[in-house]
$ cat input-v3.cif   # mmCIF, C-alpha atoms
data_protein
#
loop_
_atom_site.group_PDB
_atom_site.id
_atom_site.type_symbol
_atom_site.label_atom_id
_atom_site.label_comp_id
_atom_site.auth_asym_id
_atom_site.auth_seq_id
_atom_site.Cartn_x
_atom_site.Cartn_y
_atom_site.Cartn_z
ATOM 1 C CA MET V 1 3.659 -101.967 4.324
ATOM 2 C CA ARG V 2 1.627 -99.716 2.083
ATOM 3 C CA GLU V 3 2.370 -96.684 4.260
ATOM 4 C CA TYR V 4 6.064 -97.525 4.354
ATOM 5 C CA LEU V 5 6.169 -97.717 0.550
ATOM 6 C CA ALA V 6 4.248 -94.439 0.255
ATOM 7 C CA LYS V 7 6.857 -92.611 2.368
ATOM 8 C CA ILE V 8 9.677 -93.473 -0.045
ATOM 9 C CA ASP V 9 10.488 -90.681 -2.499
ATOM 10 C CA TRP V 10 10.490 -92.794 -5.643
ATOM 11 C CA ASN V 11 11.249 -89.900 -8.021
ATOM 12 C CA ASN V 12 14.592 -89.136 -6.374
ATOM 13 C CA THR V 13 15.366 -92.776 -5.676
ATOM 14 C CA LEU V 14 14.899 -93.899 -9.284
ATOM 15 C CA LYS V 15 16.140 -90.707 -10.981
ATOM 16 C CA ASN V 16 18.834 -91.164 -13.687
ATOM 17 C CA LYS V 17 18.803 -94.974 -13.470
ATOM 18 C CA THR V 18 18.318 -97.608 -16.119
ATOM 19 C CA ALA V 19 15.355 -99.960 -16.094
ATOM 20 C CA THR V 20 17.492 -102.764 -14.671
ATOM 21 C CA GLU V 21 18.831 -100.554 -11.889
ATOM 22 C CA CYS V 22 15.300 -99.335 -11.077
ATOM 23 C CA TRP V 23 14.099 -102.922 -10.925
ATOM 24 C CA ASN V 24 16.947 -103.892 -8.582
ATOM 25 C CA VAL V 25 16.213 -100.910 -6.291
ATOM 26 C CA LEU V 26 12.507 -101.787 -6.218
ATOM 27 C CA MET V 27 13.171 -105.447 -5.459
ATOM 28 C CA SER V 28 15.652 -104.615 -2.697
ATOM 29 C CA GLU V 29 13.076 -102.288 -1.084
ATOM 30 C CA ILE V 30 10.389 -104.961 -1.303
ATOM 31 C CA ASP V 31 12.728 -107.590 0.187
ATOM 32 C CA CYS V 32 13.578 -105.222 3.032
ATOM 33 C CA ILE V 33 9.894 -104.520 3.695
ATOM 34 C CA VAL V 34 8.959 -108.196 3.607
ATOM 35 C CA ASP V 35 11.723 -108.982 6.110
ATOM 36 C CA LYS V 36 10.488 -106.175 8.338
ATOM 37 C CA PHE V 37 6.714 -106.705 8.219
ATOM 38 C CA VAL V 38 5.947 -110.294 7.211
ATOM 39 C CA LEU V 39 6.138 -112.861 9.988
ATOM 40 C CA LEU V 40 7.519 -116.222 9.046
ATOM 41 C CA GLU V 41 6.006 -119.125 10.930
ATOM 42 C CA LYS V 42 7.167 -122.676 10.795
ATOM 43 C CA GLN V 43 4.339 -124.895 9.669
ATOM 44 C CA GLY V 44 4.023 -128.405 10.947
ATOM 45 C CA LYS V 45 2.040 -131.259 9.546
ATOM 46 C CA TRP V 46 -0.886 -130.617 11.869
ATOM 47 C CA SER V 47 -1.456 -129.038 15.202
ATOM 48 C CA LYS V 48 -2.133 -131.355 18.106
ATOM 49 C CA LYS V 49 -5.682 -131.244 19.363
ATOM 50 C CA LYS V 50 -5.886 -131.001 23.134
ATOM 51 C CA HIS V 51 -8.235 -133.943 23.450
ATOM 52 C CA LEU V 52 -5.974 -136.332 21.550
ATOM 53 C CA SER V 53 -3.994 -138.475 23.946
ATOM 54 C CA LYS V 54 -1.093 -140.700 22.970
ATOM 55 C CA GLU V 55 -3.449 -143.666 22.887
ATOM 56 C CA VAL V 56 -5.817 -141.920 20.457
ATOM 57 C CA ILE V 57 -2.959 -140.858 18.188
ATOM 58 C CA ARG V 58 -1.586 -144.407 18.260
ATOM 59 C CA LYS V 59 -4.966 -145.787 17.154
ATOM 60 C CA ILE V 60 -5.260 -143.204 14.367
ATOM 61 C CA LYS V 61 -1.805 -144.103 13.059
ATOM 62 C CA TYR V 62 -2.621 -147.809 13.266
ATOM 63 C CA ASN V 63 -5.796 -147.148 11.281
ATOM 64 C CA GLN V 64 -3.814 -145.291 8.612
ATOM 65 C CA MET V 65 -1.305 -148.132 8.453
ATOM 66 C CA MET V 66 -4.105 -150.686 8.010
ATOM 67 C CA TRP V 67 -5.641 -148.567 5.232
ATOM 68 C CA LYS V 68 -2.316 -148.530 3.379
ATOM 69 C CA ARG V 69 -2.013 -152.298 3.803
ATOM 70 C CA TYR V 70 -5.530 -152.837 2.471
ATOM 71 C CA ARG V 71 -4.917 -150.537 -0.510
ATOM 72 C CA HIS V 72 -1.701 -152.388 -1.277
ATOM 73 C CA THR V 73 -3.118 -155.921 -1.050
ATOM 74 C CA GLY V 74 -6.813 -155.385 -1.777
ATOM 75 C CA SER V 75 -7.735 -158.453 0.270
ATOM 76 C CA GLU V 76 -11.010 -158.744 2.132
ATOM 77 C CA GLU V 77 -9.224 -159.841 5.306
ATOM 78 C CA ASP V 78 -7.128 -156.655 5.342
ATOM 79 C CA TYR V 79 -10.284 -154.637 4.706
ATOM 80 C CA ASN V 80 -11.963 -156.176 7.764
ATOM 81 C CA ILE V 81 -8.886 -155.416 9.883
ATOM 82 C CA TYR V 82 -8.942 -151.834 8.576
ATOM 83 C CA LYS V 83 -12.656 -151.428 9.389
ATOM 84 C CA GLU V 84 -12.111 -152.681 12.933
ATOM 85 C CA ALA V 85 -9.181 -150.280 13.378
ATOM 86 C CA LEU V 86 -11.335 -147.458 12.011
ATOM 87 C CA ASN V 87 -14.140 -148.241 14.448
ATOM 88 C CA GLN V 88 -11.727 -148.393 17.378
ATOM 89 C CA ALA V 89 -10.078 -145.095 16.417
ATOM 90 C CA THR V 90 -13.452 -143.375 15.976
ATOM 91 C CA ALA V 91 -14.718 -144.660 19.314
ATOM 92 C CA GLU V 92 -11.524 -143.594 21.067
ATOM 93 C CA ILE V 93 -11.738 -140.092 19.545
ATOM 94 C CA ARG V 94 -15.357 -139.730 20.657
ATOM 95 C CA ASN V 95 -14.554 -140.932 24.176
ATOM 96 C CA SER V 96 -11.628 -138.552 24.401
ATOM 97 C CA LYS V 97 -13.752 -135.591 23.253
ATOM 98 C CA ASN V 98 -16.488 -136.476 25.722
ATOM 99 C CA LYS V 99 -13.990 -136.731 28.591
ATOM 100 C CA MET V 100 -12.561 -133.346 27.715
ATOM 101 C CA ASN V 101 -16.013 -131.749 27.463
ATOM 102 C CA LYS V 102 -17.003 -133.185 30.843
ATOM 103 C CA LYS V 103 -13.754 -131.937 32.326
ATOM 104 C CA TYR V 104 -14.419 -128.379 31.121
ATOM 105 C CA LEU V 105 -18.049 -128.471 32.225
ATOM 106 C CA LEU V 106 -17.033 -129.423 35.760
ATOM 107 C CA ILE V 107 -14.546 -126.557 36.071
#
$ encode --input "input-v3.cif" --output "structure tokens"
Amino acid sequence: MREYLAKIDWNNTLKNKTATECWNVLMSEIDCIVDKFVLLEKQGKWSKKKHLSKEVIRKIKYNQMMWKRYRHTGSEEDYNIYKEALNQATAEIRNSKNKMNKKYLLI
């Protein structure tokens, strides 16, 4: 982008123009350069990890749902349910990672 901007003859381009016209020319050049050189990438919420199966993702979402329920009610019973969901999700993530590591080690 810097080289592209350096190649433009700014003296002739902006000659005999008002400040507003110069600003509009500059902004149109910058917009053109951004469209040409800057890649736009759609960003998602999070990228899927290869070791996360549907079952693991389901347990993570269940854990998040239980956390929201506990925060809403504040009851000890909901906290215990949340802790159990957290432990299950953590164990499932660890098992999934270990399976994937073993799979790659055997290849």
$ residues_around --input "input-v3.cif" --residues "Lys36 in chain V" --least-positions-apart "5" --cutoff "12 Å" --atoms "only C-alpha atoms" --output "PDB file with C-alpha atoms, in the frame of the given file"
ATOM      1  CA  MET V   1       3.659-101.967   4.324  1.00  0.00           C
ATOM      2  CA  TYR V   4       6.064 -97.525   4.354  1.00  0.00           C
ATOM      3  CA  GLU V  29      13.076-102.288  -1.084  1.00  0.00           C
ATOM      4  CA  ILE V  30      10.389-104.961  -1.303  1.00  0.00           C
ATOM      5  CA  ASP V  31      12.728-107.590   0.187  1.00  0.00           C
TER       6      ASP V  31
END
$ resolve_selection --input "input-v3.cif" --expression "the PyMOL selection byres ((chain V and resi 80-93) around 10)" --output "PyMOL selection string"
chain V and resi 51-53+55-70+75-79+94-99
$ closest_residue --input "input-v3.cif" --among "V:Lys49, V:Lys54, V:Lys17, V:Arg2" --to "Val34 in chain V" --atoms "all atoms listed in the file"
V:Arg2
$ closest_residue --input "input-v3.cif" --among "V:Leu5, V:Met27, V:Ile33, V:Met100" --to "Lys50 in chain V" --atoms "all atoms listed in the file"
V:Met100
$ axis_aligned_box --input "input-v3.cif" --around "range 61-76 of chain V" --padding-each-side "6 Å" --output "lines of an AutoDock Vina configuration file"
center_x = -6.2
center_y = -151.4
center_z = 5.7
size_x = 21.7
size_y = 26.6
size_z = 27.0
$ atom_distance --input "input-v3.cif" --atom1 "CA of Val25 in chain V" --atom2 "CA of Val38 in chain V"
19.4 Å
$ atom_distance --input "input-v3.cif" --atom1 "CA of Asn24 in chain V" --atom2 "CA of Lys7 in chain V"
18.7 Å
$ atom_distance --input "input-v3.cif" --atom1 "CA of Thr20 in chain V" --atom2 "CA of Ile8 in chain V"
19.0 Å
